[in-house]
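**Q** The file below is data08.tsv, TSV, C-alpha atoms and all ligand atoms:
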```
chain	number	residue	atom	x	y	z
A	525	MET	CA	76.59	148.76	113.52
A	526	ASP	CA	73.86	148.20	111.00
A	527	MET	CA	74.35	146.07	107.91
A	528	LYS	CA	75.02	149.02	105.62
A	529	GLN	CA	77.83	150.25	107.89
A	530	ILE	CA	79.39	146.78	108.05
A	531	ASP	CA	79.25	146.52	104.26
A	532	GLN	CA	80.88	149.93	103.86
A	533	GLN	CA	83.58	149.11	106.39
A	534	TYR	CA	84.56	145.71	105.02
A	535	ILE	CA	83.67	145.55	101.30
A	536	ALA	CA	86.15	147.00	98.81
A	537	GLY	CA	84.79	150.28	97.56
A	538	THR	CA	84.12	149.28	93.94
A	539	TYR	CA	80.34	149.75	94.07
A	540	ALA	CA	78.17	152.82	94.58
A	541	ARG	CA	75.25	150.87	96.00
A	542	PHE	CA	71.69	152.18	96.07
A	543	PRO	CA	70.46	152.75	99.64
A	544	LEU	CA	68.41	149.58	99.56
A	545	GLN	CA	68.83	146.09	100.97
A	546	ILE	CA	66.91	143.43	99.08
A	547	ALA	CA	66.07	140.50	101.29
A	548	SER	CA	63.93	138.17	99.19
A	549	GLY	CA	61.93	137.86	96.03
A	550	ASN	CA	59.36	135.98	94.03
A	551	GLY	CA	59.47	136.35	90.25
A	552	ALA	CA	59.53	140.03	89.33
A	553	LEU	CA	58.54	141.06	92.85
A	554	LEU	CA	61.32	141.86	95.33
A	555	CYS	CA	61.10	142.66	99.01
A	556	ASP	CA	63.40	144.83	101.13
A	557	GLU	CA	64.30	144.09	104.74
A	558	GLN	CA	61.38	146.17	105.97
A	559	GLY	CA	58.88	144.28	103.84
A	560	LYS	CA	58.39	146.99	101.19
A	561	GLU	CA	57.76	145.49	97.73
A	562	TYR	CA	59.42	146.46	94.48
A	563	ILE	CA	58.66	145.48	90.90
A	564	ASP	CA	61.99	144.44	89.45
A	565	LEU	CA	62.86	145.82	85.99
A	566	ALA	CA	66.57	144.95	86.31
A	567	SER	CA	66.82	141.19	87.08
A	568	GLY	CA	70.14	141.64	88.89
A	569	ILE	CA	71.55	143.08	85.64
A	570	ALA	CA	69.95	140.63	83.20
A	571	VAL	CA	70.82	137.61	85.34
A	572	ASN	CA	67.58	136.42	86.94
A	573	THR	CA	66.01	135.31	83.66
A	574	PHE	CA	62.85	134.05	85.37
A	575	GLY	CA	63.05	136.44	88.30
A	576	ALA	CA	63.77	135.64	91.93
A	577	SER	CA	63.42	132.14	93.36
A	578	ASP	CA	61.68	130.71	90.31
A	579	PRO	CA	60.22	127.41	91.59
A	580	LEU	CA	61.40	125.13	88.75
A	581	TRP	CA	64.89	126.64	88.89
A	582	VAL	CA	65.00	126.27	92.69
A	583	GLU	CA	63.96	122.64	92.34
A	584	ALA	CA	66.65	121.90	89.72
A	585	VAL	CA	69.41	123.68	91.63
A	586	THR	CA	68.60	122.26	95.06
A	587	ARG	CA	68.24	118.75	93.67
A	588	GLN	CA	71.72	119.02	92.12
A	589	ALA	CA	73.21	120.68	95.23
A	590	SER	CA	72.03	117.80	97.37
A	591	THR	CA	73.36	115.24	94.85
A	592	LEU	CA	76.82	116.60	93.94
A	593	GLN	CA	77.85	120.24	94.10
A	594	HIS	CA	81.28	120.08	92.42
A	595	ILE	CA	83.88	117.58	91.23
A	596	SER	CA	86.14	119.56	88.83
A	597	ASN	CA	86.78	119.06	85.15
A	598	LEU	CA	89.02	116.08	85.85
A	599	TYR	CA	85.82	113.97	85.69
A	600	TYR	CA	82.65	113.72	83.61
A	601	THR	CA	79.40	115.10	85.03
A	602	GLU	CA	75.95	114.79	83.53
A	603	PRO	CA	74.59	118.39	83.85
A	604	CYS	CA	77.61	119.87	82.11
A	605	ALA	CA	77.40	117.47	79.13
A	606	THR	CA	73.63	117.84	78.83
A	607	LEU	CA	73.83	121.63	78.86
A	608	ALA	CA	76.59	121.68	76.23
A	609	GLN	CA	74.49	119.44	74.00
A	610	MET	CA	71.45	121.71	74.43
A	611	LEU	CA	73.48	124.82	73.60
A	612	CYS	CA	75.02	123.26	70.49
A	613	GLU	CA	71.77	121.76	69.21
A	614	ARG	CA	69.92	125.05	69.58
A	615	THR	CA	72.61	127.25	68.00
A	616	GLY	CA	74.27	124.97	65.45
A	617	MET	CA	77.60	125.55	67.16
A	618	SER	CA	79.89	122.54	67.73
A	619	LYS	CA	81.67	122.91	71.08
A	620	VAL	CA	81.27	124.74	74.37
A	621	PHE	CA	83.81	125.89	76.93
A	622	PHE	CA	82.29	126.63	80.35
A	623	SER	CA	83.59	129.29	82.74
A	624	ASN	CA	82.12	131.42	85.53
A	625	SER	CA	81.47	134.90	84.18
A	626	GLY	CA	81.09	137.08	81.15
A	627	ALA	CA	84.66	138.31	81.31
A	628	GLU	CA	85.94	134.74	81.37
A	629	ALA	CA	83.68	133.72	78.49
A	630	ASN	CA	85.26	136.57	76.51
A	631	GLU	CA	88.78	135.62	77.61
A	632	CYS	CA	88.15	132.20	76.07
A	633	ALA	CA	86.82	133.78	72.87
A	634	ILE	CA	89.94	135.96	72.63
A	635	LYS	CA	92.22	132.99	73.26
A	636	ALA	CA	90.33	131.02	70.59
A	637	ALA	CA	90.83	133.84	68.08
A	638	ARG	CA	94.56	134.11	68.74
A	639	LEU	CA	95.09	130.36	68.75
A	640	TYR	CA	93.19	129.95	65.48
A	641	ALA	CA	94.97	132.84	63.76
A	642	ALA	CA	98.40	131.66	64.94
A	643	GLY	CA	97.76	128.24	63.43
A	644	LYS	CA	96.27	129.47	60.15
A	645	LYS	CA	98.08	132.73	59.41
A	646	GLY	CA	100.93	133.15	61.90
A	647	LYS	CA	101.37	134.48	65.42
A	648	GLU	CA	101.62	138.08	64.23
A	649	TYR	CA	97.92	137.99	63.25
A	650	ALA	CA	96.92	138.73	66.83
A	651	THR	CA	94.95	141.98	66.59
A	652	ILE	CA	91.32	141.91	67.59
A	653	ILE	CA	88.99	144.66	66.43
A	654	THR	CA	86.35	145.67	68.95
A	655	LEU	CA	83.96	148.61	68.90
A	656	GLN	CA	84.14	152.01	70.47
A	657	ASN	CA	81.75	152.32	73.40
A	658	SER	CA	81.78	148.54	73.91
A	659	PHE	CA	81.96	146.64	77.18
A	660	HIS	CA	83.56	143.22	77.44
A	661	GLY	CA	84.55	142.85	81.11
A	662	ARG	CA	86.89	143.86	83.91
A	663	THR	CA	89.90	141.58	83.61
A	664	ILE	CA	93.00	143.24	82.18
A	665	THR	CA	92.42	141.64	78.77
A	666	THR	CA	88.67	142.21	78.56
A	667	LEU	CA	89.28	145.81	79.71
A	668	ALA	CA	91.66	146.13	76.78
A	669	ALA	CA	88.86	144.81	74.56
A	670	THR	CA	86.46	147.37	76.03
A	671	GLY	CA	86.50	150.42	73.76
A	672	GLN	CA	86.08	153.08	76.43
A	673	ASP	CA	89.09	155.04	77.69
A	674	GLY	CA	87.46	155.72	81.05
A	675	PHE	CA	87.78	152.04	81.97
A	676	HIS	CA	91.44	151.86	80.91
A	677	LYS	CA	93.13	154.85	82.41
A	678	ASP	CA	94.14	153.61	85.87
A	679	PHE	CA	95.14	150.11	84.82
A	680	THR	CA	97.67	150.37	82.02
A	681	PRO	CA	99.59	148.60	80.63
A	682	LEU	CA	96.72	146.49	79.35
A	683	THR	CA	96.94	143.44	77.10
A	684	GLU	CA	98.20	144.46	73.67
A	685	GLY	CA	96.52	143.90	70.35
A	686	PHE	CA	93.12	145.61	70.47
A	687	VAL	CA	91.97	148.35	68.10
A	688	TYR	CA	88.60	150.06	68.16
A	689	CYS	CA	86.14	150.75	65.37
A	690	PRO	CA	83.19	153.15	65.59
A	691	ALA	CA	79.99	151.10	65.77
A	692	ASN	CA	78.09	150.79	62.48
A	693	ASP	CA	80.93	152.32	60.41
A	694	VAL	CA	81.65	149.80	57.66
A	695	GLU	CA	84.37	151.90	56.00
A	696	ALA	CA	86.26	152.33	59.27
A	697	LEU	CA	86.07	148.57	59.83
A	698	LYS	CA	87.47	147.89	56.35
A	699	ALA	CA	90.32	150.34	57.00
A	700	LEU	CA	91.22	148.64	60.32
A	701	VAL	CA	91.19	145.20	58.68
A	702	ALA	CA	93.51	146.52	55.94
A	703	GLU	CA	95.85	148.26	58.38
A	704	HIS	CA	96.34	145.55	61.03
A	705	LYS	CA	97.16	141.86	61.10
A	706	CYS	CA	93.83	140.75	62.51
A	707	ALA	CA	92.59	137.59	64.20
A	708	ALA	CA	88.98	138.60	64.84
A	709	VAL	CA	86.23	141.15	65.14
A	710	MET	CA	84.37	141.08	68.44
A	711	MET	CA	81.11	142.92	69.12
A	712	GLU	CA	77.97	143.07	71.22
A	713	PRO	CA	74.90	142.88	68.96
A	714	VAL	CA	73.32	145.44	71.29
A	715	GLN	CA	75.87	147.52	73.20
A	716	GLY	CA	74.57	147.14	76.73
A	717	GLU	CA	76.72	149.08	79.19
A	718	GLY	CA	77.37	151.56	76.38
A	719	GLY	CA	73.74	152.73	76.45
A	720	VAL	CA	71.63	149.89	74.97
A	721	VAL	CA	72.48	150.66	71.34
A	722	PRO	CA	71.76	147.93	68.76
A	723	LEU	CA	74.15	147.49	65.85
A	724	THR	CA	72.73	147.80	62.35
A	725	LYS	CA	72.14	144.64	60.34
A	726	GLU	CA	74.17	146.15	57.53
A	727	PHE	CA	77.23	146.60	59.76
A	728	VAL	CA	77.01	143.14	61.28
A	729	GLN	CA	76.64	141.54	57.86
A	730	ALA	CA	79.54	143.59	56.46
A	731	ALA	CA	81.66	142.41	59.40
A	732	ARG	CA	80.70	138.81	58.60
A	733	LYS	CA	81.84	139.24	55.00
A	734	LEU	CA	85.12	140.95	55.97
A	735	CYS	CA	85.86	138.13	58.41
A	736	ASP	CA	85.14	135.52	55.73
A	737	ASP	CA	87.33	137.30	53.18
A	738	ASN	CA	90.26	137.61	55.59
A	739	ASP	CA	89.93	134.35	57.51
A	740	MET	CA	89.15	136.21	60.73
A	741	LEU	CA	86.73	135.05	63.40
A	742	LEU	CA	83.50	136.92	64.06
A	743	ILE	CA	82.91	136.87	67.81
A	744	PHE	CA	79.60	137.91	69.33
A	745	ASP	CA	79.70	138.96	72.97
A	746	GLU	CA	76.21	137.90	74.00
A	747	VAL	CA	76.92	138.06	77.72
A	748	GLN	CA	74.01	140.45	78.19
A	749	THR	CA	71.98	139.97	74.97
A	750	GLY	CA	71.91	136.17	75.16
A	751	ASN	CA	69.54	133.62	76.63
A	752	GLY	CA	66.27	135.04	75.41
A	753	ARG	CA	66.88	138.61	76.56
A	754	THR	CA	66.36	140.21	73.13
A	755	GLY	CA	63.47	138.04	71.95
A	756	SER	CA	65.49	135.23	70.37
A	757	LEU	CA	67.66	132.62	72.06
A	758	TYR	CA	70.71	134.66	71.02
A	759	ALA	CA	70.51	138.12	69.50
A	760	TYR	CA	72.66	137.20	66.49
A	761	MET	CA	69.72	135.14	65.26
A	762	GLN	CA	67.93	138.40	64.44
A	763	PHE	CA	70.83	139.72	62.32
A	764	ASP	CA	70.83	136.86	59.76
A	765	VAL	CA	74.48	136.03	60.38
A	766	THR	CA	76.29	133.03	61.83
A	767	PRO	CA	79.09	133.96	64.22
A	768	ASP	CA	82.19	131.81	64.67
A	769	VAL	CA	82.26	132.29	68.42
A	770	VAL	CA	79.52	133.33	70.86
A	771	SER	CA	80.26	134.19	74.47
A	772	THR	CA	77.48	134.36	77.01
A	773	ALA	CA	76.93	134.44	80.78
A	774	LYS	CA	74.58	136.74	82.74
A	775	GLY	CA	71.13	135.14	82.23
A	776	LEU	CA	72.39	131.69	81.27
A	777	ALA	CA	72.05	129.99	84.65
A	778	GLY	CA	69.22	132.19	85.94
A	779	GLY	CA	71.14	133.62	88.89
A	780	LEU	CA	74.19	131.41	89.31
A	781	PRO	CA	77.63	132.23	87.90
A	782	LEU	CA	78.15	130.47	84.59
A	783	GLY	CA	79.91	131.58	81.41
A	784	ALA	CA	79.86	129.73	78.11
A	785	THR	CA	81.92	130.20	74.96
A	786	LEU	CA	80.38	128.52	71.92
A	787	LEU	CA	82.70	127.52	69.09
A	788	CYS	CA	81.69	126.83	65.47
A	789	GLU	CA	82.53	123.68	63.54
A	790	LYS	CA	85.85	124.89	62.13
A	791	LEU	CA	87.04	125.53	65.71
A	792	GLN	CA	85.93	122.20	67.13
A	793	ASP	CA	89.44	120.80	67.42
A	794	LEU	CA	91.12	124.09	68.32
A	795	PHE	CA	91.49	123.58	72.05
A	796	THR	CA	93.42	120.53	73.21
A	797	PRO	CA	94.00	119.24	76.75
A	798	GLY	CA	95.86	121.87	78.77
A	799	SER	CA	95.33	124.75	76.33
A	800	HIS	CA	92.64	126.33	78.50
A	801	GLY	CA	90.72	125.42	81.62
A	802	SER	CA	88.72	126.40	84.68
A	803	THR	CA	88.31	124.89	88.13
A	804	PHE	CA	84.69	125.89	88.62
A	805	GLY	CA	83.64	126.09	84.95
A	806	GLY	CA	80.74	123.77	84.16
A	807	ASN	CA	79.94	123.35	87.84
A	808	PRO	CA	77.04	120.87	88.17
A	809	VAL	CA	74.79	123.17	90.23
A	810	CYS	CA	75.21	126.09	87.81
A	811	CYS	CA	74.65	123.79	84.83
A	812	ALA	CA	71.51	122.31	86.41
A	813	GLY	CA	70.22	125.87	86.82
A	814	ALA	CA	71.06	126.66	83.20
A	815	ILE	CA	69.29	123.52	81.90
A	816	SER	CA	66.16	124.60	83.76
A	817	ILE	CA	66.37	128.07	82.17
A	818	LEU	CA	67.32	127.03	78.65
A	819	SER	CA	64.64	124.35	78.41
A	820	ARG	CA	62.01	127.06	78.97
A	821	LEU	CA	63.35	129.59	76.44
A	822	THR	CA	60.80	128.46	73.88
A	823	ASP	CA	59.49	130.15	70.72
A	824	GLU	CA	56.28	130.97	72.61
A	825	LEU	CA	58.24	132.71	75.34
A	826	MET	CA	60.24	134.64	72.73
A	827	GLU	CA	56.93	135.86	71.25
A	828	GLU	CA	55.90	136.97	74.73
A	829	VAL	CA	59.21	138.80	75.19
A	830	LYS	CA	58.63	140.61	71.88
A	831	ALA	CA	55.06	141.53	72.86
A	832	LYS	CA	56.22	142.95	76.21
A	833	SER	CA	59.00	144.81	74.42
A	834	HIS	CA	56.50	146.27	71.95
A	835	TYR	CA	54.33	147.41	74.84
A	836	ILE	CA	57.26	149.19	76.54
A	837	PHE	CA	58.36	150.87	73.29
A	838	GLU	CA	54.78	152.05	72.64
A	839	GLU	CA	54.23	153.35	76.16
A	840	LEU	CA	57.56	155.13	76.55
A	841	GLY	CA	58.15	156.16	72.94
A	842	SER	CA	55.57	158.91	73.17
A	843	ALA	CA	55.87	159.63	76.91
A	844	ASP	CA	56.42	163.08	78.34
A	845	GLY	CA	60.09	163.64	79.24
A	846	VAL	CA	61.36	160.75	77.09
A	847	LYS	CA	63.72	161.65	74.24
A	848	SER	CA	64.33	158.19	72.78
A	849	VAL	CA	63.85	154.49	73.42
A	850	THR	CA	66.39	152.00	72.03
A	851	GLY	CA	67.15	148.31	72.41
A	852	MET	CA	65.82	144.89	71.51
A	853	GLY	CA	63.41	142.63	73.33
A	854	LEU	CA	63.54	143.17	77.07
A	855	MET	CA	66.84	145.05	76.94
A	856	ILE	CA	65.83	148.67	76.67
A	857	GLY	CA	67.53	152.05	77.07
A	858	ILE	CA	65.59	155.25	77.66
A	859	GLU	CA	67.04	158.67	77.05
A	860	THR	CA	65.24	161.12	79.30
A	861	VAL	CA	65.05	164.89	79.73
A	862	LYS	CA	65.67	164.53	83.46
A	863	GLU	CA	68.92	163.08	84.72
A	864	ALA	CA	68.71	159.25	84.70
A	865	GLY	CA	69.85	158.95	88.34
A	866	GLU	CA	66.95	161.11	89.43
A	867	ILE	CA	64.51	158.82	87.65
A	868	VAL	CA	66.09	155.69	89.16
A	869	SER	CA	65.65	157.20	92.64
A	870	ALA	CA	62.10	158.36	92.01
A	871	CYS	CA	61.12	154.90	90.75
A	872	MET	CA	62.75	153.22	93.74
A	873	GLU	CA	60.76	155.47	96.03
A	874	GLN	CA	57.60	154.31	94.25
A	875	GLY	CA	58.53	150.61	94.43
A	876	VAL	CA	60.05	150.03	90.98
A	877	LEU	CA	63.69	149.06	90.35
A	878	VAL	CA	65.35	150.32	87.17
A	879	ILE	CA	69.06	150.83	86.51
A	880	LYS	CA	71.27	153.04	84.36
A	881	ALA	CA	73.41	152.51	81.25
A	882	LYS	CA	75.66	155.53	80.81
A	883	THR	CA	73.24	158.50	80.86
A	884	LYS	CA	70.18	156.40	80.07
A	885	VAL	CA	67.64	154.54	82.16
A	886	ARG	CA	67.97	150.82	81.43
A	887	LEU	CA	65.29	148.15	81.70
A	888	LEU	CA	66.09	144.43	81.91
A	889	PRO	CA	62.98	142.88	83.48
A	890	PRO	CA	62.66	139.16	84.13
A	891	LEU	CA	61.36	137.55	80.92
A	892	ASN	CA	58.35	136.14	82.80
A	893	ILE	CA	57.24	139.42	84.38
A	894	THR	CA	53.44	139.49	84.29
A	895	MET	CA	51.65	142.09	82.16
A	896	GLU	CA	50.02	143.34	85.32
A	897	GLN	CA	53.39	143.94	87.00
A	898	LEU	CA	54.82	145.46	83.83
A	899	THR	CA	51.86	147.81	83.33
A	900	LYS	CA	52.13	149.01	86.92
A	901	ALA	CA	55.89	149.52	86.72
A	902	ILE	CA	55.79	151.36	83.39
A	903	ALA	CA	53.14	153.73	84.74
A	904	VAL	CA	55.49	154.57	87.63
A	905	LEU	CA	58.42	155.02	85.25
A	906	LYS	CA	56.38	157.29	82.95
A	907	ALA	CA	55.38	159.46	85.88
A	908	ALA	CA	59.04	159.68	86.98
A	909	CYS	CA	60.18	160.75	83.50
A	910	LYS	CA	57.57	163.48	83.23
A	911	GLU	CA	58.87	167.04	83.40
A	912	ASN	CA	57.39	168.93	86.31
B	1001	LIG	C1	78.30	142.12	81.90
B	1001	LIG	C2	79.04	141.99	80.64
B	1001	LIG	C3	80.33	141.43	80.60
B	1001	LIG	C4	81.08	141.02	81.85
B	1001	LIG	O1	80.44	140.00	82.53
B	1001	LIG	P1	80.94	139.60	84.02
B	1001	LIG	O2	80.11	138.39	84.33
B	1001	LIG	O3	80.68	140.77	84.91
B	1001	LIG	O4	82.39	139.30	83.93
B	1001	LIG	C5	80.93	141.26	79.37
B	1001	LIG	N1	80.31	141.63	78.23
B	1001	LIG	C6	79.08	142.17	78.24
B	1001	LIG	C7	78.44	142.55	76.94
B	1001	LIG	C8	78.41	142.38	79.43
B	1001	LIG	O5	77.19	142.95	79.43
```
Reformat the file's structure so that it appears as structure tokens.

**A**
Amino acid sequence: MDMKQIDQQYIAGTYARFPLQIASGNGALLCDEQGKEYIDLASGIAVNTFGASDPLWVEAVTRQASTLQHISNLYYTEPCATLAQMLCERTGMSKVFFSNSGAEANECAIKAARLYAAGKKGKEYATIITLQNSFHGRTITTLAATGQDGFHKDFTPLTEGFVYCPANDVEALKALVAEHKCAAVMMEPVQGEGGVVPLTKEFVQAARKLCDDNDMLLIFDEVQTGNGRTGSLYAYMQFDVTPDVVSTAKGLAGGLPLGATLLCEKLQDLFTPGSHGSTFGGNPVCCAGAISILSRLTDELMEEVKAKSHYIFEELGSADGVKSVTGMGLMIGIETVKEAGEIVSACMEQGVLVIKAKTKVRLLPPLNITMEQLTKAIAVLKAACKEN
């Protein structure tokens, strides 16, 4: 049996994999098992912040792996404390809870909201408003938070206490706040899986004010938008608001599983020993990887991300067969005349990896992709979008 057959026989059928086996990589260049090269515009779904096998990241991770790989949260470890300090100093948040994934980072945010509301307003203030077309994860609770029926239907009953607001509809948000006993509003600054749709500044700021007026928490799910992806360390920084809770994961540790939930000052004493926890969360190897990534997410790099983003918007905005380009930084959705799946396949054929978000083509290149690689890949993508 070849590898693909073994995979299909033994792996649970949750993924419709592309017919491609990636064997190795170097930055934004990936290599399949036959040695064919691909320019990577997906970064393992916004995870490989500096691409494949980034040398500084490899050095940091292997050094930590050969020192101490894990010890549990029963003890102090240096990488975990250092990373938490870096995250707090660079965001102005006060505390961090570490987990292993985006869904878990959101679970912690949801628990924080309910715990805070129960203490301040009463246990009945448990409702969390999320947005229609959102995506917050695959656990039963984060599925409930996800405002898309398609994800819910086979798994009910889900966790109670979520209501959904149309994105960018301030009046609808006000009505939901008035109607329900709410703990929080949770949103992605750019809806990623929903089609790479940024929220408006007006909506985000109105949500901030509503949360202030009703003592509700404003939670930003920055699992995909975080860690430099949109051209700032976290995307909220471009909306001129300060969230109470920020969850992040994907690109944080540059290719290792690490989730983080950042809590603002008024929440710094919220969690007490035993109220939440994780066996793997804050694992030293993952944290060493994240320190290597975070320490290089500089203002200069953010300017580079914005310049590359501008280039992509310019090139594709006017391209034949492209209906619209949306997104922020290096998180971009392209609505095309042709079916997105057809474009993904055509690009793959030509040695460029792009992915989909709903009916759009989605780009999430490594932040350090070279202009030469990007120019080449965008030319291939433009040709694939073109109507015949
Ligand atoms: C990917 C994603 C998640 C889920 O992250 P996992 O690591 O797969 O659990 C949650 N929220 C957003 C916005 C995401 O993009």

**Q** Which residues sit within 8 Å of ligand LIG 1001 (chain B), counting only C-alpha atoms and all ligand atoms, listed as a list in words?

**A**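 Residues satisfying the distance criterion: Ile569, Asn624, Ser625, Gly626, Ala627, Glu628, Ala629, Asn630, Ser658, Phe659, His660, Gly661, Arg662, Thr663, Thr666, Glu712, Gln715, Gly716, Glu717, Asp745, Glu746, Val747, Gln748, Thr749, Thr772, Ala773, Lys774, Pro781 and Gly783 of chain A.
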
**Q** Give me, as a VMD selection string, all polymer residues having an atom no more than 7 Å from A:Ala552, counting only C-alpha atoms and skipping those fewer than 3 positions away in the same chain.

**A** chain A and resid 563 to 564 575 to 576 890 893

**Q** Between atom CA of A:Ser833 and atom CA of A:Leu780, what distance in Å does the model show, to one decimal?

**A**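 Calculated distance between atom CA of A:Ser833 and atom CA of A:Leu780 is 25.1 Å.
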
**Q** Leaving out stretch 617-621 of chain A and any residue of its chain fewer than 4 positions from it, which residues lie within 7 Å of it when counting all atoms listed in the file, given as a ChimeraX atom specification?

**A** /A:608,612,784-789,792

**Q** Could you save the residues just selected, with C-alpha atoms, as a compact mmCIF listing (two decimals), in the coordinates of the input?

**A**
```
# COMPACT_ATOMS: atom_id res chain seq x y z
CA ALA A 608 76.59 121.68 76.23
CA CYS A 612 75.02 123.26 70.49
CA ALA A 784 79.86 129.73 78.11
CA THR A 785 81.92 130.20 74.96
CA LEU A 786 80.38 128.52 71.92
CA LEU A 787 82.70 127.52 69.09
CA CYS A 788 81.69 126.83 65.47
CA GLU A 789 82.53 123.68 63.54
CA GLN A 792 85.93 122.20 67.13
```

**Q** Atom CA of A:Thr822 and atom CA of A:Cys604, how far apart in Å?

**A**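 Going from atom CA of A:Cys604 over to atom CA of A:Thr822, I get 20.6 Å.
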
**Q** Return as a tab-separated table the residues of stretch 729-812 of chain A lying at most 10 Å from stretch 642-654 of chain A, together with the closest atom-to-atom pair for each and the distance in Å to one decimal, counting all atoms listed in the file, with rows in chain order and ascending residue number.

**A**
```
residue	atom	partner	partner_atom	distance
A:Asn738	CA	A:Lys645	CA	10.0
A:Asp739	CA	A:Lys644	CA	8.4
A:Met740	CA	A:Ile652	CA	9.2
A:Leu741	CA	A:Ile652	CA	9.3
A:Leu742	CA	A:Ile653	CA	9.8
A:Ile743	CA	A:Thr654	CA	9.5
A:Leu794	CA	A:Gly643	CA	9.2
```

**Q** Just checking: using all atoms listed in the file, which residue out of A:Leu667, A:Ile836, A:Leu639, A:Met855 ends up closest to A:Gly750?

**A**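 The closest residue to A:Gly750 is A:Met855.
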
**Q** Can you tell me how far atom CA of A:Gly805 sits from atom CA of A:Thr606, in Å to one decimal?

**A**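 Going from atom CA of A:Gly805 over to atom CA of A:Thr606 covers 14.3 Å.
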
**Q** Residues at most 8 Å from A:Gly813, counting all atoms listed in the file, excluding those fewer than 6 positions away in the same chain, as a list in words?

**A**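 Contacts, with the query itself left out: Trp581, Val582, Ala584, Val585, Ala777, Gly778 and Leu780 of chain A.
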
**Q** Do a neighbour search on A:Leu734 at 10 Å with only C-alpha atoms, toss out local chain neighbours closer than 6 positions, and write the hits as a list of chain:residue names.

**A**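 Non-adjacent residues within range: A:Val694, A:Leu697, A:Lys698, A:Val701, A:Ala708, A:Val709, A:Val728, A:Met740, A:Leu741, A:Leu742.
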
**Q** Can you work out which one of A:Leu877, A:Ala669, A:Val861, A:Leu655 has the shortest atom-to-atom distance to A:Asn692, counting only C-alpha atoms?

**A**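 With only C-alpha atoms as the atom set, the closest residue is A:Leu655.
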
**Q** Applying 9 Å and all atoms listed in the file, which residues near A:Gly775 remain after dropping the ones on its own chain fewer than 6 positions away? List them as a ChimeraX atom specification.

**A** /A:567,569-574,747-753,782,814,817

**Q** List every protein, DNA or RNA residue that has an atom no more than 12 Å from (71.9, 151.5, 98.9) in the file's coordinate frame, counting all atoms listed in the file, and report them as a list in words.

**A**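 Using all atoms listed in the file, the matching residues come out as Met527, Lys528, Gln529, Asp531, Gln532, Tyr539, Ala540, Arg541, Phe542, Pro543, Leu544, Gln545, Ile546, Asp556, Ser869 and Met872 of chain A.
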
**Q** Hey, which of A:Leu723, A:Leu598, A:Val849, A:Met525 ends up closest to A:Thr803? Count all atoms listed in the file.

**A**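 Using all atoms listed in the file, the shortest distance to A:Thr803 belongs to A:Leu598.
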
**Q** Calculated over all atoms listed in the file, which of the candidates A:Gln609, A:Ala566, A:Val809, A:Cys735 has the smallest distance to A:Gln593?

**A** A:Val809

**Q** Which is closest to A:Gly865 among A:Ala903, A:Val885, A:Val714, A:Ala730, if we use all atoms listed in the file?

**A**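 When distances to A:Gly865 are compared using all atoms listed in the file, the smallest one comes from A:Val885.
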
**Q** Anything within 10 Å of (55.0, 152.0, 76.5): list those residues as a list of chain:residue names, counting all atoms listed in the file and sticking to the file's coordinates.

**A**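 So the residues meeting the distance criterion are A:Lys832, A:Ser833, A:His834, A:Tyr835, A:Ile836, A:Phe837, A:Glu838, A:Glu839, A:Leu840, A:Gly841, A:Ser842, A:Ala843, A:Val849, A:Leu898, A:Thr899, A:Ile902, A:Ala903, A:Leu905, A:Lys906.
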
**Q** Let me see the file: selected residues, C-alpha atoms, as a compact mmCIF listing (two decimals), in the coordinates of the input.

**A**
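New file part_17.txt:
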```
# COMPACT_ATOMS: atom_id res chain seq x y z
CA LYS A 832 56.22 142.95 76.21
CA SER A 833 59.00 144.81 74.42
CA HIS A 834 56.50 146.27 71.95
CA TYR A 835 54.33 147.41 74.84
CA ILE A 836 57.26 149.19 76.54
CA PHE A 837 58.36 150.87 73.29
CA GLU A 838 54.78 152.05 72.64
CA GLU A 839 54.23 153.35 76.16
CA LEU A 840 57.56 155.13 76.55
CA GLY A 841 58.15 156.16 72.94
CA SER A 842 55.57 158.91 73.17
CA ALA A 843 55.87 159.63 76.91
CA VAL A 849 63.85 154.49 73.42
CA LEU A 898 54.82 145.46 83.83
CA THR A 899 51.86 147.81 83.33
CA ILE A 902 55.79 151.36 83.39
CA ALA A 903 53.14 153.73 84.74
CA LEU A 905 58.42 155.02 85.25
CA LYS A 906 56.38 157.29 82.95
```

**Q** Considering all atoms listed in the file, state which residue in the set A:Leu700, A:Cys706, A:Ala641, A:Cys811 is at the smallest distance from A:Thr601.

**A** A:Cys811
